[in-house]
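Quick look at upload-v7.txt (compact mmCIF, C-alpha atoms):
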# COMPACT_ATOMS: atom_id res chain seq x y z
CA MET A 24 -9.69 11.08 39.91
CA SER A 25 -8.98 14.72 39.18
CA ALA A 26 -5.56 16.12 38.52
CA GLY A 27 -5.67 18.02 41.80
CA SER A 28 -6.70 15.11 44.00
CA ALA A 29 -3.95 12.67 43.11
CA PRO A 30 -1.09 14.84 44.29
CA HIS A 31 -2.95 15.67 47.48
CA THR A 32 -3.19 11.97 48.34
CA SER A 33 0.56 11.56 48.15
CA VAL A 34 1.19 14.57 50.37
CA THR A 35 -1.11 13.43 53.13
CA SER A 36 -0.08 9.80 53.11
CA GLY A 37 -0.80 7.97 56.30
CA PRO A 38 1.44 5.88 58.49
CA PRO A 39 3.55 3.17 56.92
CA ALA A 40 2.10 -0.26 56.34
CA GLY A 41 1.87 -2.34 59.47
CA THR A 42 1.08 0.55 61.81
CA THR A 43 -2.29 1.61 63.16
CA ALA A 44 -3.45 5.16 62.65
CA PRO A 45 -4.44 6.87 65.92
CA ALA A 46 -8.13 7.51 66.55
CA ARG A 47 -9.25 10.85 65.17
CA PRO A 48 -10.13 13.32 67.95
CA PRO A 49 -13.66 14.79 68.09
CA ARG A 50 -14.33 17.87 65.98
CA ALA A 51 -14.44 20.15 69.04
CA VAL A 52 -10.98 18.96 70.07
CA LEU A 53 -9.62 19.54 66.56
CA LEU A 54 -10.97 23.11 66.62
CA LEU A 55 -9.32 23.61 70.00
CA LEU A 56 -6.02 22.27 68.65
CA ALA A 57 -6.27 24.48 65.55
CA ALA A 58 -6.78 27.55 67.74
CA GLY A 59 -3.90 26.42 69.94
CA ILE A 60 -1.55 26.09 66.96
CA ALA A 61 -2.43 29.58 65.71
CA LEU A 62 -2.06 31.21 69.12
CA ALA A 63 1.21 29.41 69.86
CA ALA A 64 2.65 30.50 66.50
CA LEU A 65 1.94 34.15 67.38
CA ASN A 66 4.50 33.82 70.19
CA LEU A 67 7.45 32.32 68.33
CA ARG A 68 9.11 35.62 67.32
CA THR A 69 7.87 38.22 69.80
CA ALA A 70 10.99 37.86 71.96
CA ILE A 71 13.12 38.76 68.92
CA THR A 72 11.34 41.43 66.92
CA SER A 73 10.15 43.41 69.95
CA VAL A 74 13.73 44.25 71.01
CA GLY A 75 15.15 45.68 67.78
CA PRO A 76 12.94 48.81 67.59
CA VAL A 77 13.94 49.87 71.15
CA LEU A 78 17.44 48.39 71.27
CA GLY A 79 18.97 51.80 72.02
CA GLU A 80 16.63 52.39 74.94
CA VAL A 81 17.21 48.88 76.29
CA THR A 82 21.01 49.09 76.18
CA ALA A 83 21.00 52.60 77.68
CA GLY A 84 18.52 51.65 80.42
CA LEU A 85 20.49 48.57 81.42
CA GLY A 86 23.93 50.09 80.92
CA MET A 87 24.66 47.26 78.49
CA THR A 88 27.96 47.30 76.64
CA ALA A 89 28.36 46.91 72.88
CA VAL A 90 29.44 43.32 73.50
CA GLY A 91 26.25 42.66 75.45
CA ALA A 92 24.14 44.23 72.70
CA GLY A 93 25.88 42.06 70.13
CA LEU A 94 25.20 38.97 72.23
CA LEU A 95 21.56 39.98 72.58
CA THR A 96 21.13 40.14 68.80
CA THR A 97 22.95 36.80 68.37
CA LEU A 98 21.03 34.93 71.07
CA PRO A 99 18.06 33.98 68.85
CA VAL A 100 20.02 31.84 66.42
CA LEU A 101 22.04 30.25 69.23
CA CYS A 102 18.92 29.34 71.21
CA PHE A 103 17.04 28.18 68.12
CA ALA A 104 19.93 25.90 67.20
CA LEU A 105 20.47 24.46 70.70
CA PHE A 106 16.93 24.02 71.98
CA GLY A 107 15.50 23.19 68.57
CA GLY A 108 17.86 20.24 68.38
CA LEU A 109 16.76 18.98 71.80
CA THR A 110 13.04 19.19 71.04
CA PRO A 111 12.40 15.66 69.65
CA THR A 112 14.05 14.08 72.71
CA LEU A 113 12.04 16.28 75.07
CA ALA A 114 8.84 15.52 73.14
CA ARG A 115 9.38 11.77 73.51
CA ARG A 116 9.87 12.11 77.26
CA LEU A 117 7.19 14.70 78.05
CA GLY A 118 4.67 14.39 75.22
CA GLU A 119 4.15 17.02 72.54
CA HIS A 120 1.24 18.79 74.24
CA HIS A 121 2.95 19.00 77.62
CA LEU A 122 6.17 20.17 75.99
CA LEU A 123 4.37 22.98 74.15
CA VAL A 124 2.76 24.11 77.42
CA TYR A 125 6.22 24.25 79.01
CA ALA A 126 7.55 26.14 75.96
CA LEU A 127 4.77 28.74 76.15
CA THR A 128 5.41 29.05 79.88
CA ALA A 129 9.09 29.73 79.16
CA VAL A 130 8.14 32.40 76.61
CA THR A 131 5.71 34.05 79.02
CA VAL A 132 7.97 33.97 82.07
CA GLY A 133 11.03 35.08 80.08
CA LEU A 134 9.25 38.03 78.47
CA ALA A 135 7.59 39.18 81.70
CA THR A 136 10.60 38.90 84.00
CA ARG A 137 13.27 40.29 81.67
CA ALA A 138 11.28 43.54 81.60
CA LEU A 139 11.72 43.84 85.38
CA VAL A 140 15.44 43.23 85.88
CA ALA A 141 18.15 45.87 86.15
CA GLU A 142 21.26 43.78 85.40
CA PRO A 143 22.32 43.23 81.77
CA TRP A 144 23.31 39.61 82.38
CA MET A 145 19.89 38.86 83.89
CA PHE A 146 18.17 40.43 80.87
CA LEU A 147 20.26 38.21 78.58
CA ALA A 148 19.58 35.09 80.65
CA LEU A 149 15.83 35.69 80.74
CA SER A 150 15.84 36.49 77.03
CA ALA A 151 17.39 33.06 76.52
CA VAL A 152 14.55 31.53 78.57
CA ALA A 153 11.96 33.18 76.32
CA LEU A 154 13.87 32.22 73.18
CA SER A 155 14.15 28.59 74.31
CA GLY A 156 10.36 28.40 74.32
CA GLY A 157 10.24 29.87 70.82
CA ALA A 158 12.86 27.37 69.65
CA VAL A 159 10.80 24.42 70.91
CA GLY A 160 7.69 25.84 69.27
CA ASN A 161 9.53 26.21 65.96
CA VAL A 162 10.13 22.46 65.86
CA ILE A 163 7.05 21.06 67.56
CA LEU A 164 4.30 22.99 65.74
CA PRO A 165 4.96 21.46 62.28
CA ALA A 166 4.94 18.02 63.95
CA LEU A 167 1.63 18.77 65.67
CA VAL A 168 0.15 19.89 62.35
CA LYS A 169 1.21 16.58 60.77
CA GLN A 170 0.03 14.56 63.76
CA HIS A 171 -3.43 16.06 64.25
CA PHE A 172 -4.27 17.30 60.73
CA PRO A 173 -2.70 14.79 58.29
CA ASP A 174 -5.45 15.50 55.74
CA ARG A 175 -5.28 19.28 56.17
CA VAL A 176 -1.56 19.94 56.14
CA GLY A 177 -1.86 22.79 53.64
CA LEU A 178 -4.68 24.56 55.49
CA MET A 179 -3.07 24.22 58.93
CA THR A 180 0.36 25.22 57.65
CA THR A 181 -1.34 28.35 56.31
CA VAL A 182 -2.78 28.99 59.77
CA TYR A 183 0.59 28.36 61.43
CA THR A 184 2.78 30.40 59.08
CA THR A 185 0.32 33.30 58.86
CA ALA A 186 0.07 33.51 62.65
CA LEU A 187 3.88 33.38 62.81
CA ALA A 188 4.14 36.27 60.34
CA LEU A 189 1.47 38.25 62.20
CA GLY A 190 3.22 37.82 65.53
CA THR A 191 6.51 38.89 63.97
CA THR A 192 4.94 41.99 62.42
CA ILE A 193 2.90 42.98 65.48
CA ALA A 194 5.94 42.87 67.77
CA ALA A 195 8.06 44.84 65.29
CA ALA A 196 5.42 47.47 64.60
CA SER A 197 3.83 47.95 68.04
CA THR A 198 6.80 48.16 70.37
CA VAL A 199 7.75 51.78 69.62
CA PRO A 200 4.15 53.09 69.89
CA LEU A 201 3.80 51.21 73.19
CA GLU A 202 7.06 52.66 74.45
CA GLN A 203 6.10 56.17 73.40
CA SER A 204 2.60 55.99 74.87
CA THR A 205 3.76 54.62 78.23
CA GLY A 206 7.16 56.31 78.35
CA GLU A 207 8.70 53.01 79.42
CA TRP A 208 10.44 50.41 77.26
CA ARG A 209 10.00 47.80 79.99
CA ILE A 210 6.21 47.92 79.67
CA ALA A 211 6.48 47.77 75.88
CA LEU A 212 8.59 44.59 76.02
CA GLY A 213 6.76 42.92 78.88
CA ALA A 214 3.33 43.37 77.30
CA TYR A 215 3.97 40.52 74.86
CA ALA A 216 3.95 38.04 77.76
CA LEU A 217 0.14 38.33 77.62
CA PHE A 218 0.22 36.58 74.25
CA GLY A 219 1.82 33.55 75.88
CA VAL A 220 -0.79 33.40 78.64
CA VAL A 221 -3.61 33.35 76.09
CA ALA A 222 -1.84 30.78 73.90
CA ALA A 223 -1.37 28.35 76.79
CA VAL A 224 -5.10 28.10 77.54
CA PRO A 225 -6.16 25.81 74.64
CA TRP A 226 -3.14 23.53 75.22
CA LEU A 227 -3.95 23.19 78.91
CA LEU A 228 -7.49 22.19 77.91
CA ALA A 229 -6.11 19.75 75.32
CA LEU A 230 -3.68 17.96 77.66
CA ARG A 231 -6.14 15.16 78.41
CA HIS A 232 -6.51 14.53 74.67
CA GLU A 233 -2.79 14.06 74.09
CA PRO A 234 -2.09 10.84 72.15
CA ALA A 235 -0.17 8.08 73.89
CA PRO A 236 3.58 8.32 73.32
CA GLY A 237 4.84 6.40 70.31
CA ASP A 238 7.28 3.53 70.37
CA PRO A 239 10.71 5.01 71.27
CA SER A 240 12.31 2.54 68.86
CA GLN A 241 10.50 4.30 66.00
CA SER A 242 12.01 7.70 66.81
CA LEU A 243 14.52 9.23 64.43
CA GLY A 244 17.82 10.77 65.42
CA PHE A 245 20.00 13.40 63.76
CA ARG A 246 22.34 10.79 62.30
CA GLN A 247 19.47 8.95 60.65
CA VAL A 248 17.98 12.14 59.22
CA LEU A 249 21.30 13.53 57.96
CA GLY A 250 22.20 10.12 56.56
CA THR A 251 19.62 10.74 53.84
CA GLY A 252 19.56 13.11 50.91
CA ILE A 253 16.26 14.58 52.08
CA GLY A 254 17.78 15.40 55.46
CA TRP A 255 20.72 17.29 53.93
CA GLN A 256 18.56 19.00 51.34
CA ALA A 257 16.09 20.25 53.96
CA MET A 258 18.90 21.48 56.20
CA LEU A 259 20.69 23.34 53.39
CA TYR A 260 17.47 24.80 52.06
CA PHE A 261 16.37 26.03 55.47
CA GLY A 262 19.84 27.32 56.32
CA THR A 263 20.39 29.28 53.13
CA GLN A 264 16.95 30.87 53.12
CA SER A 265 17.41 31.81 56.80
CA SER A 266 20.78 33.37 56.01
CA VAL A 267 19.35 35.50 53.19
CA ALA A 268 16.35 36.52 55.32
CA TYR A 269 18.50 37.57 58.29
CA ILE A 270 20.75 39.55 55.96
CA MET A 271 17.78 41.40 54.52
CA PHE A 272 16.18 42.11 57.87
CA GLY A 273 19.46 43.29 59.35
CA TRP A 274 21.01 45.25 56.47
CA TYR A 275 18.32 46.21 53.96
CA ALA A 276 17.46 49.60 55.45
CA GLN A 277 21.10 50.56 55.96
CA MET A 278 21.96 49.59 52.40
CA LEU A 279 19.20 51.84 51.05
CA ARG A 280 20.23 54.71 53.32
CA ASP A 281 23.80 54.50 52.06
CA GLN A 282 22.44 54.92 48.53
CA GLY A 283 20.84 58.22 49.56
CA MET A 284 17.39 57.19 50.79
CA SER A 285 16.00 58.95 53.86
CA PRO A 286 15.91 56.95 57.11
CA GLN A 287 12.10 57.12 57.21
CA THR A 288 11.67 55.77 53.68
CA ALA A 289 14.30 53.08 54.23
CA GLY A 290 12.49 51.98 57.38
CA LEU A 291 9.21 51.91 55.47
CA ALA A 292 10.80 49.72 52.78
CA LEU A 293 12.00 47.28 55.44
CA SER A 294 8.54 47.24 57.04
CA TYR A 295 6.99 46.54 53.63
CA LEU A 296 9.45 43.67 53.12
CA THR A 297 8.41 42.20 56.48
CA VAL A 298 4.68 42.60 55.86
CA LEU A 299 4.96 40.74 52.54
CA GLY A 300 5.42 37.58 54.60
CA ILE A 301 1.74 37.65 55.57
CA PRO A 302 0.16 37.23 52.10
CA MET A 303 2.87 34.71 51.19
CA SER A 304 1.95 32.68 54.29
CA LEU A 305 -1.75 32.89 53.43
CA VAL A 306 -1.41 31.68 49.85
CA LEU A 307 1.57 29.37 49.53
CA PRO A 308 1.01 26.38 51.88
CA THR A 309 -2.22 25.23 50.22
CA LEU A 310 -0.68 25.61 46.75
CA LEU A 311 2.45 23.72 47.80
CA THR A 312 0.52 20.78 49.26
CA ARG A 313 -1.60 20.37 46.14
CA LEU A 314 1.44 19.40 44.08
CA ARG A 315 3.58 16.28 44.27
CA ASP A 316 6.53 18.25 42.89
CA GLN A 317 7.29 21.68 44.35
CA ARG A 318 10.25 22.51 42.09
CA PRO A 319 8.35 25.15 40.06
CA PHE A 320 7.90 27.14 43.26
CA VAL A 321 11.58 26.73 44.14
CA VAL A 322 12.52 28.19 40.74
CA MET A 323 10.02 31.03 41.18
CA PHE A 324 11.48 32.02 44.57
CA ALA A 325 15.06 31.98 43.25
CA ALA A 326 14.13 33.92 40.09
CA ALA A 327 12.35 36.60 42.16
CA TYR A 328 15.34 36.87 44.48
CA LEU A 329 17.83 37.21 41.62
CA ALA A 330 15.69 39.80 39.80
CA GLY A 331 15.35 41.84 42.98
CA LEU A 332 19.08 41.60 43.72
CA ALA A 333 19.88 42.68 40.16
CA GLY A 334 17.70 45.75 40.65
CA LEU A 335 19.45 46.58 43.92
CA TRP A 336 22.81 46.20 42.15
CA PHE A 337 22.13 48.38 39.11
CA SER A 338 19.43 50.84 40.22
CA PRO A 339 18.68 50.53 43.94
CA LEU A 340 16.53 53.62 44.44
CA SER A 341 14.64 54.23 41.20
CA GLY A 342 12.78 50.94 41.42
CA VAL A 343 13.08 50.24 45.14
CA TRP A 344 9.45 49.16 45.63
CA VAL A 345 9.67 46.74 42.71
CA TRP A 346 12.94 45.28 44.02
CA THR A 347 11.51 45.02 47.53
CA THR A 348 8.46 43.20 46.22
CA LEU A 349 10.61 40.74 44.29
CA VAL A 350 12.83 40.07 47.30
CA GLY A 351 9.68 39.58 49.39
CA ILE A 352 8.40 36.99 46.91
CA GLY A 353 11.76 35.26 47.09
CA MET A 354 11.42 35.11 50.85
CA GLY A 355 8.43 32.85 50.29
CA SER A 356 11.12 30.17 50.35
CA PHE A 357 10.70 30.29 54.16
CA VAL A 358 7.11 29.05 53.77
CA PHE A 359 8.25 26.16 51.57
CA ALA A 360 11.04 25.34 54.03
CA LEU A 361 8.48 24.98 56.84
CA THR A 362 5.92 23.18 54.69
CA SER A 363 8.52 20.70 53.44
CA PHE A 364 8.87 19.21 56.93
CA ALA A 365 5.36 17.78 56.58
CA LEU A 366 5.49 17.22 52.82
CA ARG A 367 8.62 15.08 53.02
CA THR A 368 7.61 12.92 56.00
CA ARG A 369 4.91 10.37 56.70
CA THR A 370 4.61 10.64 60.49
CA GLY A 371 4.60 13.29 63.20
CA ALA A 372 7.83 11.84 64.60
CA GLY A 373 9.44 12.12 61.18
CA THR A 374 8.26 15.72 60.83
CA ALA A 375 9.71 16.61 64.25
CA ALA A 376 13.04 14.96 63.42
CA LEU A 377 13.36 16.66 60.03
CA SER A 378 12.27 19.98 61.52
CA ALA A 379 14.76 19.71 64.40
CA SER A 380 17.78 18.79 62.29
CA SER A 381 17.00 21.42 59.64
CA GLN A 382 16.31 24.25 62.07
CA SER A 383 19.08 23.58 64.58
CA LEU A 384 21.82 23.53 61.95
CA GLY A 385 20.02 25.90 59.59
CA TYR A 386 19.72 28.68 62.14
CA LEU A 387 23.46 28.53 62.73
CA MET A 388 23.89 29.18 59.01
CA GLY A 389 21.29 31.93 59.25
CA GLY A 390 23.21 33.66 62.02
CA ALA A 391 26.47 33.57 60.08
CA GLY A 392 24.95 35.30 57.03
CA PRO A 393 24.57 38.85 58.41
CA PHE A 394 28.02 38.64 60.03
CA LEU A 395 29.71 37.70 56.74
CA PHE A 396 27.65 40.29 54.87
CA GLY A 397 28.86 42.99 57.25
CA LEU A 398 32.48 41.85 56.96
CA LEU A 399 32.32 42.04 53.17
CA HIS A 400 30.76 45.49 53.31
CA GLU A 401 33.47 46.74 55.65
CA ALA A 402 36.28 45.15 53.64
CA SER A 403 35.03 46.37 50.24
CA GLY A 404 33.59 49.71 51.29
CA GLY A 405 30.52 49.11 49.14
CA TRP A 406 27.52 46.84 48.65
CA HIS A 407 28.38 44.86 45.52
CA ALA A 408 30.62 42.30 47.24
CA PRO A 409 28.04 41.62 49.98
CA LEU A 410 25.31 41.27 47.35
CA LEU A 411 27.45 38.66 45.59
CA LEU A 412 27.35 36.66 48.83
CA VAL A 413 23.55 36.81 48.72
CA VAL A 414 23.56 35.67 45.09
CA ALA A 415 25.75 32.70 46.06
CA LEU A 416 23.39 31.80 48.91
CA VAL A 417 20.41 31.96 46.56
CA ALA A 418 22.24 29.67 44.11
CA VAL A 419 22.85 27.07 46.85
CA ASN A 420 19.26 27.48 47.98
CA LEU A 421 18.06 26.82 44.43
CA GLY A 422 20.20 23.69 44.10
CA ALA A 423 19.03 22.25 47.42
CA GLY A 424 15.42 23.19 46.66
CA LEU A 425 15.42 21.48 43.27
CA LEU A 426 16.36 18.27 45.06
CA LEU A 427 14.05 18.78 48.05
CA GLY A 428 11.11 19.68 45.82
CA ARG A 429 11.00 16.21 44.27
CA PRO A 430 8.43 13.68 45.58
CA GLY A 431 9.75 11.52 48.41
CA HIS A 432 9.55 10.84 52.15
CA LEU A 433 12.20 10.79 54.85
CA GLU A 434 11.03 7.51 56.38
CA ASP A 435 11.24 5.76 53.00
CA ALA A 436 14.77 7.08 52.46
CA ILE A 437 15.87 5.83 55.89
CA ARG A 438 14.30 2.43 55.23
CA ASP A 439 15.91 2.14 51.80
CA ARG A 440 19.30 3.10 53.22
CA ALA A 441 18.97 0.42 55.90
CA LEU A 442 18.00 -2.17 53.28
CA ARG A 443 21.01 -1.27 51.13
CA ARG A 444 23.33 -1.59 54.12
CA GLU A 445 21.81 -4.95 55.01
CA ALA A 446 22.15 -6.15 51.42
CA SER A 447 25.75 -4.99 51.37
CA ARG A 448 26.54 -6.92 54.54
CA SER A 449 24.78 -10.03 53.23
CA GLY A 450 26.77 -9.90 49.99
CA ARG A 451 30.13 -10.10 51.71

The structure in this file should be written as structure tokens.
Amino acid sequence: MSAGSAPHTSVTSGPPAGTTAPARPPRAVLLLLAAGIALAALNLRTAITSVGPVLGEVTAGLGMTAVGAGLLTTLPVLCFALFGGLTPTLARRLGEHHLLVYALTAVTVGLATRALVAEPWMFLALSAVALSGGAVGNVILPALVKQHFPDRVGLMTTVYTTALALGTTIAAASTVPLEQSTGEWRIALGAYALFGVVAAVPWLLALRHEPAPGDPSQSLGFRQVLGTGIGWQAMLYFGTQSSVAYIMFGWYAQMLRDQGMSPQTAGLALSYLTVLGIPMSLVLPTLLTRLRDQRPFVVMFAAAYLAGLAGLWFSPLSGVWVWTTLVGIGMGSFVFALTSFALRTRTGAGTAALSASSQSLGYLMGGAGPFLFGLLHEASGGWHAPLLLVVALVAVNLGAGLLLGRPGHLEDAIRDRALRREASRSGR
């Protein structure tokens, strides 16, 4: 056996002993599911990144207060935390395919109808509807990849994460041109509902191929997941990388402008940072799944982050494109965070449980990052104290990643913990 094939076997391990693997769907159905995963992933961030470029027009058009605008920018992490945590329970009751159809419906209806309302509170409520669908998709898509493509986790994670990055970039880059060409921000925001309509088609066709629900007794809850080291490591890793990413997306351009960079160039640097997610999503998942131990990648991400942050500390403008590239490489930690849900589980149910616990709590951490960064900037009057916060987050991310990157599976950790508890009781 070659050096590359042995690690791959461990990553794509099948169900535990004593269980029967589900029948493999026909090739045509697998192609339909692959297309459905890619199209669904395109929709997971459009409700978020389409608003930022026209936030001024939206708040002025709706007469929204500063408090309302602040709530609008905070809604994503709140919805991702709440509805992401509910996803495994909903999936058990409705089935994964049906649940994803409902999620895409929520995205479509929320995006289309919020562009029509005149009241700020209705815009916020319908934004929450769209975001709830994105939250469910965040959790359920990695589980569907594990369930339907257990031998192609790397390839399908590449498809999923690349489509996610493309959808994020398209919504961020196209909203202003749409608004300018139509003269109406409502049309620019509502247009992304068409993505959801297209994405729902393959899942509607695939409903009759949905596997039978699993045994509810085999489902995993938050307490079981967070009772293991893998559960805590995945949550901390996802939370810290989310916090750093949200800080960069929210403050990077302003930080460069305060150093003397023009608004246009600062905006271009932020766009470049965002676009770097696409090649990272194309390359990393396959590389990550070919190794049993992902710790070298964890170290690479942290080293790139720290080098980029050092450049921003000592010479922010003279080497800005180098520092931006390094920070963008560091943000590849997001791809590992998503890939780890499948790498560190044996079953689709395990992937969904690990994904839900990591994302629901992790997004709360992610939302707190930009707020604390802004507080430190205001209190210190500069950017060094906030950058120290980012360095601390990267250090925690590195520590959690070095543990999460080791070979292991969530289901095995839960089983071993149960055996130790049983042995402890028997020894009394």

Protein and nucleic acid residues near (23.9, 30.7, 44.3) (cut-off 12 Å, all atoms listed in the file) as a ChimeraX atom specification
/A:260,263-264,267,325-326,328-329,332,410-424

Quick one: everything within 8 Å of Glu233 of chain A, counting only C-alpha atoms, minus sequence neighbours fewer than 2 positions away in the same chain. Send it as a ChimeraX atom specification.
/A:118-120,229-231,235

List the spatial neighbours of Leu167 of chain A as a PyMOL selection string - criterion: any atom at most 12 Å away, all atoms listed in the file, same-chain residues fewer than 6 positions off excluded.
chain A and resi 53+56-57+59-61+63-64+111+114+118-120+122-123+159-161+173+175-176+179-180+183+226+233-234+364-365+370-375+378

Between A:Thr312, A:Ser380, A:Thr297, A:Ser266, which has the minimum distance to Val100 of chain A (counting all atoms listed in the file)?
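Closest to Val100 of chain A of all the choices is A:Ser266.
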
Can you pull out the residues contacting Thr97 of chain A? Cut-off 12 Å, using all atoms listed in the file, and skip same-chain residues under 2 positions away; I want them as JSON, numbers by chain.
{"A": [71, 75, 90, 91, 92, 93, 94, 95, 99, 100, 101, 102, 103, 104, 147, 150, 151, 154, 269, 273, 386, 387, 389, 390, 391, 392, 393, 394]}

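Environment of (18.4, 15.6, 47.1): residues at most 12 Å away, judged by only C-alpha atoms, are Leu249, Gly250, Thr251, Gly252, Ile253, Gly254, Trp255, Gln256, Ala257, Met258, Leu259, Tyr260, Arg318, Arg367, Asn420, Leu421, Gly422, Ala423, Gly424, Leu425, Leu426, Leu427, Gly428, Arg429, Pro430, Gly431, His432, Leu433 and Ala436 of chain A.
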
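Distances to Glu207 of chain A were evaluated for A:Leu139, A:Leu134, A:Val162, A:Leu227 using all atoms listed in the file, and the minimum falls at A:Leu139.
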
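Closest approach to Arg50 of chain A among A:Phe172, A:Gln203, A:Leu212, A:Leu78 is made by A:Phe172 (distances from only C-alpha atoms).
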
Would you mind listing what lies within 10 Å of Val199 of chain A as a PDB file with C-alpha atoms, in the frame of the given file, with all atoms listed in the file counted and same-chain residues fewer than 4 positions away left out?
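So selection.pdb came out as:
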ATOM      1  CA  SER A  73      10.150  43.410  69.950  1.00  0.00           C
ATOM      2  CA  VAL A  74      13.730  44.250  71.010  1.00  0.00           C
ATOM      3  CA  GLY A  75      15.150  45.680  67.780  1.00  0.00           C
ATOM      4  CA  PRO A  76      12.940  48.810  67.590  1.00  0.00           C
ATOM      5  CA  VAL A  77      13.940  49.870  71.150  1.00  0.00           C
ATOM      6  CA  ALA A 194       5.940  42.870  67.770  1.00  0.00           C
ATOM      7  CA  ALA A 195       8.060  44.840  65.290  1.00  0.00           C
ATOM      8  CA  GLN A 203       6.100  56.170  73.400  1.00  0.00           C
ATOM      9  CA  SER A 204       2.600  55.990  74.870  1.00  0.00           C
ATOM     10  CA  THR A 205       3.760  54.620  78.230  1.00  0.00           C
ATOM     11  CA  GLY A 206       7.160  56.310  78.350  1.00  0.00           C
ATOM     12  CA  GLU A 207       8.700  53.010  79.420  1.00  0.00           C
ATOM     13  CA  TRP A 208      10.440  50.410  77.260  1.00  0.00           C
ATOM     14  CA  ALA A 211       6.480  47.770  75.880  1.00  0.00           C
ATOM     15  CA  LEU A 212       8.590  44.590  76.020  1.00  0.00           C
TER      16      LEU A 212
END

So how far away is atom CA of Val358 of chain A from atom CA of Leu189 of chain A, in Å?
13.7 Å

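Going from atom CA of Ala188 of chain A to atom CA of Ile301 of chain A covers 5.5 Å.
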
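Between Thr288 of chain A and the residues A:Val343, A:Ala141, A:Leu243, A:Ala89, the shortest atom-to-atom distance, using only C-alpha atoms, involves A:Val343.
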
Kindly complete segment 123-127 of chain A to all heavy atoms; the output should be written as a compact mmCIF listing (two decimals), in the frame of the given file.
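Written file, result-v2.txt:
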# COMPACT_ATOMS: atom_id res chain seq x y z
N LEU A 123 4.76 21.66 74.67
CA LEU A 123 4.37 22.98 74.15
C LEU A 123 3.87 23.88 75.28
O LEU A 123 4.13 25.10 75.27
CB LEU A 123 3.30 22.83 73.07
CG LEU A 123 2.98 24.12 72.30
CD1 LEU A 123 4.24 24.75 71.70
CD2 LEU A 123 1.97 23.85 71.19
N VAL A 124 3.17 23.32 76.26
CA VAL A 124 2.76 24.11 77.42
C VAL A 124 3.99 24.65 78.15
O VAL A 124 4.05 25.83 78.54
CB VAL A 124 1.88 23.28 78.37
CG1 VAL A 124 1.66 24.04 79.69
CG2 VAL A 124 0.53 22.99 77.73
N TYR A 125 4.98 23.79 78.35
CA TYR A 125 6.22 24.25 79.01
C TYR A 125 6.91 25.33 78.17
O TYR A 125 7.46 26.29 78.71
CB TYR A 125 7.17 23.07 79.23
CG TYR A 125 6.65 22.02 80.17
CD1 TYR A 125 6.89 20.67 79.94
CD2 TYR A 125 5.90 22.36 81.29
CE1 TYR A 125 6.42 19.69 80.80
CE2 TYR A 125 5.42 21.39 82.15
CZ TYR A 125 5.68 20.05 81.90
OH TYR A 125 5.20 19.09 82.75
N ALA A 126 6.91 25.15 76.84
CA ALA A 126 7.55 26.14 75.96
C ALA A 126 6.85 27.49 76.06
O ALA A 126 7.51 28.54 76.15
CB ALA A 126 7.53 25.64 74.52
N LEU A 127 5.52 27.49 76.04
CA LEU A 127 4.77 28.74 76.15
C LEU A 127 4.96 29.37 77.53
O LEU A 127 5.00 30.60 77.67
CB LEU A 127 3.29 28.49 75.88
CG LEU A 127 2.96 28.14 74.42
CD1 LEU A 127 1.51 27.66 74.30
CD2 LEU A 127 3.20 29.33 73.51
